[in-house]
file structure_36.txt (compact mmCIF, C-alpha atoms and all ligand atoms)
# COMPACT_ATOMS: atom_id res chain seq x y z
CA MET A 1 4.33 14.45 -1.43
CA ASN A 2 4.85 16.01 -4.86
CA SER A 3 2.41 14.67 -7.40
CA HIS A 4 5.29 14.19 -9.84
CA TYR A 5 9.12 14.14 -10.05
CA PRO A 6 11.01 14.90 -7.88
CA PHE A 7 9.10 12.78 -5.41
CA GLU A 8 9.68 13.41 -1.71
CA LEU A 9 9.56 11.19 1.34
CA PRO A 10 6.43 12.22 3.26
CA PRO A 11 6.95 12.44 7.02
CA LEU A 12 5.61 9.62 9.16
CA PRO A 13 2.12 10.84 10.18
CA TYR A 14 2.75 9.95 13.86
CA SER A 15 5.72 9.48 16.17
CA TYR A 16 7.92 6.39 15.90
CA ASN A 17 6.51 4.92 19.12
CA ALA A 18 2.86 5.82 18.49
CA LEU A 19 1.87 2.32 17.41
CA GLU A 20 3.51 0.41 20.26
CA PRO A 21 3.17 -2.28 21.42
CA TYR A 22 1.73 -3.53 18.12
CA LEU A 23 4.54 -2.10 15.99
CA ASP A 24 7.66 -0.96 17.78
CA SER A 25 9.60 2.20 17.05
CA GLU A 26 12.65 0.41 15.64
CA THR A 27 10.49 -1.40 13.07
CA LEU A 28 8.71 1.81 12.06
CA LYS A 29 11.91 3.84 11.90
CA PHE A 30 13.71 1.39 9.62
CA HIS A 31 10.63 0.82 7.50
CA HIS A 32 9.87 4.48 6.92
CA ASP A 33 13.29 6.14 7.07
CA LYS A 34 15.28 3.48 5.21
CA HIS A 35 13.01 1.30 3.07
CA PHE A 36 10.38 3.87 2.04
CA LYS A 37 13.11 6.46 1.46
CA ALA A 38 15.02 4.05 -0.79
CA TYR A 39 11.98 3.68 -3.09
CA VAL A 40 11.63 7.46 -3.33
CA ASP A 41 15.33 7.95 -4.05
CA ASN A 42 15.49 5.12 -6.58
CA LEU A 43 12.38 6.37 -8.41
CA ASN A 44 13.85 9.87 -8.70
CA GLN A 45 17.13 8.39 -9.92
CA ALA A 46 15.32 6.36 -12.59
CA LEU A 47 13.52 9.50 -13.84
CA GLU A 48 16.47 11.88 -13.50
CA LYS A 49 17.45 11.78 -17.16
CA LEU A 50 13.94 11.41 -18.57
CA PRO A 51 12.44 14.96 -18.63
CA ALA A 52 9.57 13.82 -20.86
CA TYR A 53 8.19 11.76 -17.97
CA GLN A 54 8.99 14.05 -15.05
CA ASN A 55 5.48 15.56 -15.01
CA TRP A 56 3.81 12.14 -14.84
CA THR A 57 1.97 11.35 -11.62
CA LEU A 58 2.82 8.31 -9.58
CA GLU A 59 -0.36 6.57 -10.74
CA ARG A 60 0.41 7.29 -14.38
CA LEU A 61 3.95 5.93 -14.03
CA ILE A 62 2.37 2.69 -12.81
CA ARG A 63 -0.65 2.46 -15.13
CA GLU A 64 1.22 3.49 -18.26
CA ASN A 65 4.55 1.93 -17.38
CA TYR A 66 4.64 0.18 -20.77
CA ARG A 67 4.97 3.59 -22.48
CA LEU A 68 8.27 4.36 -20.74
CA PRO A 69 11.63 3.60 -22.40
CA PHE A 70 12.11 -0.14 -22.09
CA GLN A 71 15.34 0.11 -20.11
CA VAL A 72 13.69 1.97 -17.20
CA GLN A 73 10.34 0.19 -17.11
CA THR A 74 11.28 -2.33 -14.42
CA ALA A 75 13.03 0.22 -12.18
CA VAL A 76 10.08 2.62 -12.41
CA TRP A 77 7.53 -0.17 -11.98
CA ASN A 78 9.18 -1.44 -8.78
CA ASN A 79 10.02 1.90 -7.23
CA ALA A 80 6.85 3.81 -8.19
CA GLY A 81 4.93 0.86 -6.76
CA GLY A 82 7.08 1.01 -3.63
CA VAL A 83 6.35 4.71 -3.17
CA TYR A 84 2.62 4.32 -3.90
CA ASN A 85 2.18 1.32 -1.60
CA HIS A 86 4.15 2.70 1.34
CA ASN A 87 2.41 6.06 1.16
CA LEU A 88 -0.92 4.24 1.53
CA TYR A 89 0.34 1.86 4.21
CA PHE A 90 1.70 4.39 6.69
CA ASN A 91 -1.44 6.51 6.37
CA LEU A 92 -3.67 3.53 7.10
CA MET A 93 -2.48 3.02 10.66
CA GLU A 94 -3.23 4.96 13.83
CA HIS A 95 -2.91 4.65 17.56
CA PRO A 96 -4.51 1.37 18.67
CA GLY A 97 -8.24 1.42 19.10
CA ASN A 98 -11.23 -0.79 18.54
CA GLN A 99 -13.01 1.43 16.11
CA GLU A 100 -14.73 -0.08 13.13
CA PRO A 101 -15.53 1.57 9.82
CA GLU A 102 -18.69 3.55 9.48
CA GLY A 103 -21.00 4.58 6.70
CA LYS A 104 -20.62 3.42 3.13
CA LEU A 105 -17.44 1.37 3.69
CA HIS A 106 -18.93 -0.51 6.64
CA SER A 107 -22.02 -1.39 4.60
CA ALA A 108 -19.88 -2.50 1.67
CA ILE A 109 -17.74 -4.74 3.92
CA LEU A 110 -20.81 -6.37 5.45
CA SER A 111 -22.30 -6.85 2.00
CA ALA A 112 -19.12 -8.43 0.59
CA PHE A 113 -17.95 -10.53 3.52
CA GLY A 114 -20.89 -10.93 5.91
CA SER A 115 -19.23 -9.53 9.05
CA MET A 116 -16.15 -7.63 10.19
CA ASP A 117 -14.70 -10.83 11.69
CA LYS A 118 -15.06 -12.64 8.36
CA PHE A 119 -13.40 -9.73 6.59
CA TYR A 120 -10.46 -9.72 9.03
CA GLN A 121 -10.04 -13.47 8.60
CA LYS A 122 -10.15 -13.25 4.82
CA LEU A 123 -7.58 -10.45 4.71
CA LYS A 124 -5.33 -12.30 7.16
CA THR A 125 -5.52 -15.57 5.23
CA CYS A 126 -4.84 -13.76 1.95
CA ALA A 127 -1.89 -11.76 3.30
CA GLN A 128 -0.44 -14.72 5.15
CA SER A 129 -0.56 -16.90 2.05
CA GLN A 130 1.35 -14.38 -0.09
CA PHE A 131 4.48 -16.32 -1.03
CA GLY A 132 7.54 -14.16 -0.44
CA SER A 133 7.19 -10.38 -0.44
CA GLY A 134 4.04 -8.46 -1.26
CA TYR A 135 0.81 -7.05 0.10
CA GLY A 136 -2.69 -8.03 1.15
CA TRP A 137 -5.35 -5.64 -0.15
CA LEU A 138 -8.94 -4.55 0.22
CA VAL A 139 -9.91 -3.05 -3.13
CA ALA A 140 -13.05 -1.78 -4.86
CA ASP A 141 -14.13 -2.61 -8.38
CA CYS A 142 -15.73 -0.12 -10.77
CA ARG A 143 -19.11 -0.60 -9.05
CA GLY A 144 -17.72 -0.09 -5.55
CA ARG A 145 -17.89 -3.78 -4.70
CA LEU A 146 -15.12 -4.94 -2.38
CA LYS A 147 -12.64 -7.71 -2.90
CA VAL A 148 -9.61 -9.03 -1.00
CA LEU A 149 -6.53 -9.93 -3.02
CA ASN A 150 -2.76 -10.09 -2.74
CA THR A 151 0.03 -8.75 -4.92
CA LEU A 152 3.67 -9.70 -5.36
CA ASN A 153 6.68 -7.48 -4.59
CA GLN A 154 5.74 -3.81 -5.26
CA ASP A 155 2.90 -4.53 -7.69
CA THR A 156 -0.32 -2.58 -7.15
CA PRO A 157 -3.93 -3.40 -8.08
CA LEU A 158 -4.13 -0.28 -10.31
CA PRO A 159 -3.31 -1.94 -13.66
CA ARG A 160 -6.02 -4.53 -12.98
CA GLY A 161 -8.61 -1.75 -12.72
CA PHE A 162 -9.12 -1.92 -8.94
CA CYS A 163 -9.20 1.05 -6.59
CA PRO A 164 -7.15 0.56 -3.38
CA VAL A 165 -8.97 0.95 -0.06
CA LEU A 166 -6.65 -0.75 2.43
CA LEU A 167 -3.40 -2.70 2.32
CA VAL A 168 -1.05 -4.51 4.64
CA ASP A 169 2.65 -4.79 3.88
CA VAL A 170 3.92 -8.37 4.27
CA TRP A 171 7.49 -7.79 3.18
CA GLU A 172 9.68 -9.12 5.98
CA HIS A 173 11.08 -5.59 6.45
CA ALA A 174 7.62 -4.59 7.75
CA TYR A 175 7.67 -6.95 10.72
CA TYR A 176 10.83 -9.07 11.06
CA LEU A 177 12.62 -6.89 13.66
CA GLN A 178 9.72 -7.34 16.08
CA TYR A 179 7.96 -10.51 15.00
CA GLN A 180 10.74 -12.44 13.21
CA ASN A 181 9.01 -15.13 11.13
CA ARG A 182 5.62 -14.80 12.88
CA ARG A 183 3.74 -13.07 10.07
CA GLY A 184 0.37 -14.11 11.51
CA GLU A 185 1.05 -12.28 14.78
CA TYR A 186 2.03 -9.17 12.84
CA LEU A 187 -1.19 -9.39 10.84
CA ASP A 188 -3.25 -9.68 14.04
CA ALA A 189 -1.46 -6.59 15.34
CA PHE A 190 -2.05 -4.69 12.10
CA MET A 191 -5.81 -5.35 12.31
CA ARG A 192 -5.79 -3.42 15.62
CA LEU A 193 -4.04 -0.47 14.01
CA ILE A 194 -6.27 0.15 11.01
CA ASN A 195 -7.17 3.80 10.57
CA TRP A 196 -10.70 3.25 9.35
CA ALA A 197 -11.29 6.94 8.70
CA ALA A 198 -8.41 6.86 6.20
CA ALA A 199 -9.74 3.66 4.61
CA GLU A 200 -13.21 5.24 4.32
CA GLU A 201 -11.63 8.26 2.65
CA ASN A 202 -9.87 5.98 0.17
CA TYR A 203 -13.13 4.15 -0.53
CA LEU A 204 -15.13 7.34 -1.09
CA GLY A 205 -12.29 8.56 -3.32
CA CYS A 206 -12.92 5.56 -5.58
CA PHE A 207 -16.25 7.13 -6.55
CA ALA A 208 -14.78 10.58 -7.06
CA ARG A 209 -12.71 9.62 -10.08
CA PRO A 210 -13.47 7.53 -13.13
CA MET A 211 -12.11 4.01 -12.79
CA GLN A 212 -9.24 3.46 -15.18
CA ARG A 213 -9.26 0.65 -17.66
CA PRO A 214 -6.64 -1.99 -16.92
CA GLY A 215 -3.23 -1.35 -18.49
CA ARG A 216 -1.05 -3.86 -20.25
CA LYS A 217 1.12 -4.96 -17.34
FE FE A 301 7.48 -2.05 3.18
call {"tool": "encode", "arguments": {"input": "structure_36.txt", "output": "structure tokens"}}
result
Amino acid sequence: MNSHYPFELPPLPYSYNALEPYLDSETLKFHHDKHFKAYVDNLNQALEKLPAYQNWTLERLIRENYRLPFQVQTAVWNNAGGVYNHNLYFNLMEHPGNQEPEGKLHSAILSAFGSMDKFYQKLKTCAQSQFGSGYGWLVADCRGRLKVLNTLNQDTPLPRGFCPVLLVDVWEHAYYLQYQNRRGEYLDAFMRLINWAAAEENYLGCFARPMQRPGRK
């Protein structure tokens, strides 16, 4: 994906049926090809006539959203968040396996939550309790300590100063075709799909860059 405008839809990093039976191909195809693509297209459209902001990265468009012209702030906030969140989400799943994280992330999870089972339960409870559309997150603070939280719509934890490690999409478009209203079953399935190597990479990346101070939004 380009680091700035024009943003591009990254290809799905696996085939449409690679995550079955936990996520079926129809769900993945609609989610990636229609919903994710719409956020990319709408973000580009919002920035089309704003050359002064076309070299801004996705993260900057989110963190410094308040510096954009007022009339495009909401469109950029929602669609930049949609692009950022979906890019993370699709890269955090892999073919089903029972692998657990290793190394620094595993230690940090045990330190924060006590066990992997307690972490899974906390993330599930948090994501399930998100009213309406949003995400459940595992994030790191400026000292690398982990926390589970949820966000509404296409908000991200970036403006609050947290570094994203893992997220699960609980918009109905992420699971309704296969699971209808059974969000809990979808969350159980997601836990089996976590690409822990990608999550570990995200976590280590949190130490590779200075943590940003929270923005205004
Ligand atoms: Fe989504």
call {"tool": "residues_around", "arguments": {"input": "structure_36.txt", "residues": "region 165-170 of chain A", "least_positions_apart": "5", "cutoff": "8 Å", "atoms": "all atoms listed in the file", "output": "mmCIF file with C-alpha atoms, in the frame of the given file"}}
result
data_model
loop_
_atom_site.group_PDB
_atom_site.id
_atom_site.type_symbol
_atom_site.label_atom_id
_atom_site.label_comp_id
_atom_site.auth_asym_id
_atom_site.auth_seq_id
_atom_site.Cartn_x
_atom_site.Cartn_y
_atom_site.Cartn_z
ATOM 1 C CA ASN A 85 2.180 1.320 -1.600
ATOM 2 C CA LEU A 88 -0.920 4.240 1.530
ATOM 3 C CA TYR A 89 0.340 1.860 4.210
ATOM 4 C CA LEU A 92 -3.670 3.530 7.100
ATOM 5 C CA ALA A 127 -1.890 -11.760 3.300
ATOM 6 C CA GLN A 128 -0.440 -14.720 5.150
ATOM 7 C CA GLN A 130 1.350 -14.380 -0.090
ATOM 8 C CA SER A 133 7.190 -10.380 -0.440
ATOM 9 C CA GLY A 134 4.040 -8.460 -1.260
ATOM 10 C CA TYR A 135 0.810 -7.050 0.100
ATOM 11 C CA GLY A 136 -2.690 -8.030 1.150
ATOM 12 C CA TRP A 137 -5.350 -5.640 -0.150
ATOM 13 C CA LEU A 138 -8.940 -4.550 0.220
ATOM 14 C CA VAL A 139 -9.910 -3.050 -3.130
ATOM 15 C CA ALA A 140 -13.050 -1.780 -4.860
ATOM 16 C CA TYR A 175 7.670 -6.950 10.720
ATOM 17 C CA ARG A 183 3.740 -13.070 10.070
ATOM 18 C CA LEU A 187 -1.190 -9.390 10.840
ATOM 19 C CA PHE A 190 -2.050 -4.690 12.100
ATOM 20 C CA ALA A 199 -9.740 3.660 4.610
ATOM 21 C CA GLU A 200 -13.210 5.240 4.320
ATOM 22 C CA ASN A 202 -9.870 5.980 0.170
ATOM 23 C CA TYR A 203 -13.130 4.150 -0.530
#
call {"tool": "atom_distance", "arguments": {"input": "structure_36.txt", "atom1": "CA of Leu43 (chain A)", "atom2": "CA of Asn79 (chain A)"}}
result
5.2 Å
call {"tool": "closest_atom_pairs", "arguments": {"input": "structure_36.txt", "of": "chain A", "to": "ligand FE 301 (chain A)", "cutoff": "8 Å", "atoms": "all atoms listed in the file", "output": "JSON lines"}}
result
{"residue": "A:His31", "atom": "CA", "partner": "A:FE301", "partner_atom": "FE", "distance": 6.1}
{"residue": "A:His32", "atom": "CA", "partner": "A:FE301", "partner_atom": "FE", "distance": 7.9}
{"residue": "A:His35", "atom": "CA", "partner": "A:FE301", "partner_atom": "FE", "distance": 6.5}
{"residue": "A:Phe36", "atom": "CA", "partner": "A:FE301", "partner_atom": "FE", "distance": 6.7}
{"residue": "A:Gly82", "atom": "CA", "partner": "A:FE301", "partner_atom": "FE", "distance": 7.5}
{"residue": "A:Asn85", "atom": "CA", "partner": "A:FE301", "partner_atom": "FE", "distance": 7.9}
{"residue": "A:His86", "atom": "CA", "partner": "A:FE301", "partner_atom": "FE", "distance": 6.1}
{"residue": "A:Asp169", "atom": "CA", "partner": "A:FE301", "partner_atom": "FE", "distance": 5.6}
{"residue": "A:Val170", "atom": "CA", "partner": "A:FE301", "partner_atom": "FE", "distance": 7.3}
{"residue": "A:Trp171", "atom": "CA", "partner": "A:FE301", "partner_atom": "FE", "distance": 5.7}
{"residue": "A:Glu172", "atom": "CA", "partner": "A:FE301", "partner_atom": "FE", "distance": 7.9}
{"residue": "A:His173", "atom": "CA", "partner": "A:FE301", "partner_atom": "FE", "distance": 6.0}
{"residue": "A:Ala174", "atom": "CA", "partner": "A:FE301", "partner_atom": "FE", "distance": 5.2}
call {"tool": "residues_around", "arguments": {"input": "structure_36.txt", "residues": "Tyr5 (chain A)", "least_positions_apart": "6", "cutoff": "10 Å", "atoms": "all atoms listed in the file", "output": "list in words"}}
result
Val40, Leu43, Asn44, Gln45, Leu47, Glu48, Pro51, Tyr53, Gln54, Asn55, Trp56, Thr57 and Leu58 of chain A
call {"tool": "atom_distance", "arguments": {"input": "structure_36.txt", "atom1": "CA of Tyr186 (chain A)", "atom2": "CA of Asp141 (chain A)"}}
result
27.5 Å
call {"tool": "decode", "arguments": {"input": "structure_36.txt", "residues": "region 194-210 of chain A", "atoms": "all heavy atoms", "output": "PDB file, in the first residue's frame"}}
result
ATOM      1  N   ILE A 194      -5.671 -16.214  14.613  1.00  0.00           N
ATOM      2  CA  ILE A 194      -4.695 -15.137  14.852  1.00  0.00           C
ATOM      3  C   ILE A 194      -3.310 -15.515  14.325  1.00  0.00           C
ATOM      4  O   ILE A 194      -2.774 -16.580  14.637  1.00  0.00           O
ATOM      5  CB  ILE A 194      -4.619 -14.795  16.355  1.00  0.00           C
ATOM      6  CG1 ILE A 194      -5.948 -14.219  16.834  1.00  0.00           C
ATOM      7  CG2 ILE A 194      -3.479 -13.794  16.609  1.00  0.00           C
ATOM      8  CD1 ILE A 194      -6.026 -14.001  18.339  1.00  0.00           C
ATOM      9  N   ASN A 195      -2.763 -14.631  13.522  1.00  0.00           N
ATOM     10  CA  ASN A 195      -1.401 -14.773  13.020  1.00  0.00           C
ATOM     11  C   ASN A 195      -0.473 -14.142  14.065  1.00  0.00           C
ATOM     12  O   ASN A 195      -0.210 -12.939  14.043  1.00  0.00           O
ATOM     13  CB  ASN A 195      -1.291 -14.062  11.667  1.00  0.00           C
ATOM     14  CG  ASN A 195       0.101 -14.151  11.081  1.00  0.00           C
ATOM     15  OD1 ASN A 195       1.062 -14.449  11.781  1.00  0.00           O
ATOM     16  ND2 ASN A 195       0.212 -13.887   9.794  1.00  0.00           N
ATOM     17  N   TRP A 196       0.004 -14.975  14.967  1.00  0.00           N
ATOM     18  CA  TRP A 196       0.783 -14.438  16.083  1.00  0.00           C
ATOM     19  C   TRP A 196       2.124 -13.876  15.654  1.00  0.00           C
ATOM     20  O   TRP A 196       2.681 -12.998  16.316  1.00  0.00           O
ATOM     21  CB  TRP A 196       0.949 -15.512  17.177  1.00  0.00           C
ATOM     22  CG  TRP A 196      -0.285 -15.639  18.008  1.00  0.00           C
ATOM     23  CD1 TRP A 196      -1.160 -16.677  18.043  1.00  0.00           C
ATOM     24  CD2 TRP A 196      -0.812 -14.654  18.918  1.00  0.00           C
ATOM     25  NE1 TRP A 196      -2.198 -16.398  18.912  1.00  0.00           N
ATOM     26  CE2 TRP A 196      -2.002 -15.173  19.463  1.00  0.00           C
ATOM     27  CE3 TRP A 196      -0.396 -13.390  19.320  1.00  0.00           C
ATOM     28  CZ2 TRP A 196      -2.778 -14.475  20.391  1.00  0.00           C
ATOM     29  CZ3 TRP A 196      -1.161 -12.686  20.244  1.00  0.00           C
ATOM     30  CH2 TRP A 196      -2.333 -13.243  20.763  1.00  0.00           C
ATOM     31  N   ALA A 197       2.653 -14.366  14.542  1.00  0.00           N
ATOM     32  CA  ALA A 197       3.917 -13.796  14.045  1.00  0.00           C
ATOM     33  C   ALA A 197       3.697 -12.339  13.633  1.00  0.00           C
ATOM     34  O   ALA A 197       4.549 -11.465  13.879  1.00  0.00           O
ATOM     35  CB  ALA A 197       4.438 -14.618  12.876  1.00  0.00           C
ATOM     36  N   ALA A 198       2.533 -12.071  13.003  1.00  0.00           N
ATOM     37  CA  ALA A 198       2.228 -10.690  12.599  1.00  0.00           C
ATOM     38  C   ALA A 198       1.986  -9.811  13.823  1.00  0.00           C
ATOM     39  O   ALA A 198       2.407  -8.648  13.870  1.00  0.00           O
ATOM     40  CB  ALA A 198       1.010 -10.677  11.683  1.00  0.00           C
ATOM     41  N   ALA A 199       1.312 -10.363  14.827  1.00  0.00           N
ATOM     42  CA  ALA A 199       1.066  -9.594  16.053  1.00  0.00           C
ATOM     43  C   ALA A 199       2.390  -9.273  16.760  1.00  0.00           C
ATOM     44  O   ALA A 199       2.586  -8.166  17.269  1.00  0.00           O
ATOM     45  CB  ALA A 199       0.130 -10.371  16.984  1.00  0.00           C
ATOM     46  N   GLU A 200       3.282 -10.259  16.789  1.00  0.00           N
ATOM     47  CA  GLU A 200       4.607 -10.060  17.404  1.00  0.00           C
ATOM     48  C   GLU A 200       5.362  -8.950  16.661  1.00  0.00           C
ATOM     49  O   GLU A 200       6.003  -8.089  17.277  1.00  0.00           O
ATOM     50  CB  GLU A 200       5.401 -11.373  17.362  1.00  0.00           C
ATOM     51  CG  GLU A 200       6.852 -11.245  17.822  1.00  0.00           C
ATOM     52  CD  GLU A 200       7.030 -11.552  19.307  1.00  0.00           C
ATOM     53  OE1 GLU A 200       6.118 -12.127  19.895  1.00  0.00           O
ATOM     54  OE2 GLU A 200       8.091 -11.193  19.851  1.00  0.00           O
ATOM     55  N   GLU A 201       5.259  -8.975  15.346  1.00  0.00           N
ATOM     56  CA  GLU A 201       5.922  -7.947  14.535  1.00  0.00           C
ATOM     57  C   GLU A 201       5.355  -6.564  14.868  1.00  0.00           C
ATOM     58  O   GLU A 201       6.095  -5.582  15.004  1.00  0.00           O
ATOM     59  CB  GLU A 201       5.717  -8.265  13.048  1.00  0.00           C
ATOM     60  CG  GLU A 201       6.617  -7.499  12.129  1.00  0.00           C
ATOM     61  CD  GLU A 201       6.466  -7.946  10.683  1.00  0.00           C
ATOM     62  OE1 GLU A 201       6.328  -9.155  10.428  1.00  0.00           O
ATOM     63  OE2 GLU A 201       6.454  -7.061   9.807  1.00  0.00           O
ATOM     64  N   ASN A 202       4.037  -6.497  15.006  1.00  0.00           N
ATOM     65  CA  ASN A 202       3.417  -5.217  15.396  1.00  0.00           C
ATOM     66  C   ASN A 202       3.931  -4.763  16.757  1.00  0.00           C
ATOM     67  O   ASN A 202       4.229  -3.582  16.967  1.00  0.00           O
ATOM     68  CB  ASN A 202       1.894  -5.360  15.459  1.00  0.00           C
ATOM     69  CG  ASN A 202       1.270  -5.538  14.092  1.00  0.00           C
ATOM     70  OD1 ASN A 202       1.881  -5.222  13.073  1.00  0.00           O
ATOM     71  ND2 ASN A 202       0.048  -6.048  14.061  1.00  0.00           N
ATOM     72  N   TYR A 203       4.008  -5.716  17.689  1.00  0.00           N
ATOM     73  CA  TYR A 203       4.431  -5.368  19.055  1.00  0.00           C
ATOM     74  C   TYR A 203       5.877  -4.875  19.060  1.00  0.00           C
ATOM     75  O   TYR A 203       6.183  -3.836  19.660  1.00  0.00           O
ATOM     76  CB  TYR A 203       4.269  -6.584  19.968  1.00  0.00           C
ATOM     77  CG  TYR A 203       4.593  -6.310  21.417  1.00  0.00           C
ATOM     78  CD1 TYR A 203       3.894  -5.330  22.123  1.00  0.00           C
ATOM     79  CD2 TYR A 203       5.593  -7.017  22.084  1.00  0.00           C
ATOM     80  CE1 TYR A 203       4.193  -5.072  23.460  1.00  0.00           C
ATOM     81  CE2 TYR A 203       5.892  -6.767  23.411  1.00  0.00           C
ATOM     82  CZ  TYR A 203       5.183  -5.792  24.094  1.00  0.00           C
ATOM     83  OH  TYR A 203       5.472  -5.524  25.414  1.00  0.00           O
ATOM     84  N   LEU A 204       6.753  -5.591  18.378  1.00  0.00           N
ATOM     85  CA  LEU A 204       8.159  -5.166  18.330  1.00  0.00           C
ATOM     86  C   LEU A 204       8.279  -3.817  17.630  1.00  0.00           C
ATOM     87  O   LEU A 204       9.132  -3.000  17.984  1.00  0.00           O
ATOM     88  CB  LEU A 204       9.007  -6.229  17.631  1.00  0.00           C
ATOM     89  CG  LEU A 204       9.083  -7.576  18.350  1.00  0.00           C
ATOM     90  CD1 LEU A 204       9.921  -8.575  17.553  1.00  0.00           C
ATOM     91  CD2 LEU A 204       9.659  -7.418  19.765  1.00  0.00           C
ATOM     92  N   GLY A 205       7.399  -3.571  16.649  1.00  0.00           N
ATOM     93  CA  GLY A 205       7.396  -2.289  15.954  1.00  0.00           C
ATOM     94  C   GLY A 205       7.061  -1.127  16.877  1.00  0.00           C
ATOM     95  O   GLY A 205       7.456   0.020  16.624  1.00  0.00           O
ATOM     96  N   CYS A 206       6.340  -1.419  17.948  1.00  0.00           N
ATOM     97  CA  CYS A 206       5.983  -0.362  18.912  1.00  0.00           C
ATOM     98  C   CYS A 206       7.225   0.215  19.583  1.00  0.00           C
ATOM     99  O   CYS A 206       7.231   1.365  20.008  1.00  0.00           O
ATOM    100  CB  CYS A 206       5.051  -0.912  19.994  1.00  0.00           C
ATOM    101  SG  CYS A 206       3.440  -1.449  19.378  1.00  0.00           S
ATOM    102  N   PHE A 207       8.276  -0.601  19.661  1.00  0.00           N
ATOM    103  CA  PHE A 207       9.513  -0.137  20.315  1.00  0.00           C
ATOM    104  C   PHE A 207      10.461   0.523  19.320  1.00  0.00           C
ATOM    105  O   PHE A 207      11.435   1.135  19.710  1.00  0.00           O
ATOM    106  CB  PHE A 207      10.233  -1.315  20.987  1.00  0.00           C
ATOM    107  CG  PHE A 207       9.414  -1.982  22.041  1.00  0.00           C
ATOM    108  CD1 PHE A 207       8.627  -3.079  21.743  1.00  0.00           C
ATOM    109  CD2 PHE A 207       9.407  -1.496  23.336  1.00  0.00           C
ATOM    110  CE1 PHE A 207       7.853  -3.699  22.707  1.00  0.00           C
ATOM    111  CE2 PHE A 207       8.646  -2.102  24.318  1.00  0.00           C
ATOM    112  CZ  PHE A 207       7.864  -3.200  23.998  1.00  0.00           C
ATOM    113  N   ALA A 208      10.144   0.347  18.037  1.00  0.00           N
ATOM    114  CA  ALA A 208      11.054   0.842  17.001  1.00  0.00           C
ATOM    115  C   ALA A 208      10.781   2.288  16.640  1.00  0.00           C
ATOM    116  O   ALA A 208      11.513   2.900  15.880  1.00  0.00           O
ATOM    117  CB  ALA A 208      10.932  -0.027  15.754  1.00  0.00           C
ATOM    118  N   ARG A 209       9.685   2.823  17.142  1.00  0.00           N
ATOM    119  CA  ARG A 209       9.363   4.219  16.823  1.00  0.00           C
ATOM    120  C   ARG A 209       8.929   4.919  18.107  1.00  0.00           C
ATOM    121  O   ARG A 209       8.348   4.290  18.988  1.00  0.00           O
ATOM    122  CB  ARG A 209       8.232   4.293  15.799  1.00  0.00           C
ATOM    123  CG  ARG A 209       6.976   3.596  16.287  1.00  0.00           C
ATOM    124  CD  ARG A 209       5.899   3.591  15.228  1.00  0.00           C
ATOM    125  NE  ARG A 209       4.745   2.839  15.734  1.00  0.00           N
ATOM    126  CZ  ARG A 209       3.691   2.567  15.004  1.00  0.00           C
ATOM    127  NH1 ARG A 209       3.611   2.975  13.783  1.00  0.00           N
ATOM    128  NH2 ARG A 209       2.690   1.894  15.517  1.00  0.00           N
ATOM    129  N   PRO A 210       9.216   6.208  18.203  1.00  0.00           N
ATOM    130  CA  PRO A 210       8.801   6.924  19.397  1.00  0.00           C
ATOM    131  C   PRO A 210       7.282   6.977  19.494  1.00  0.00           C
ATOM    132  O   PRO A 210       6.611   7.196  18.492  1.00  0.00           O
ATOM    133  CB  PRO A 210       9.385   8.326  19.200  1.00  0.00           C
ATOM    134  CG  PRO A 210       9.600   8.446  17.728  1.00  0.00           C
ATOM    135  CD  PRO A 210       9.863   7.064  17.209  1.00  0.00           C
TER     136      PRO A 210
END
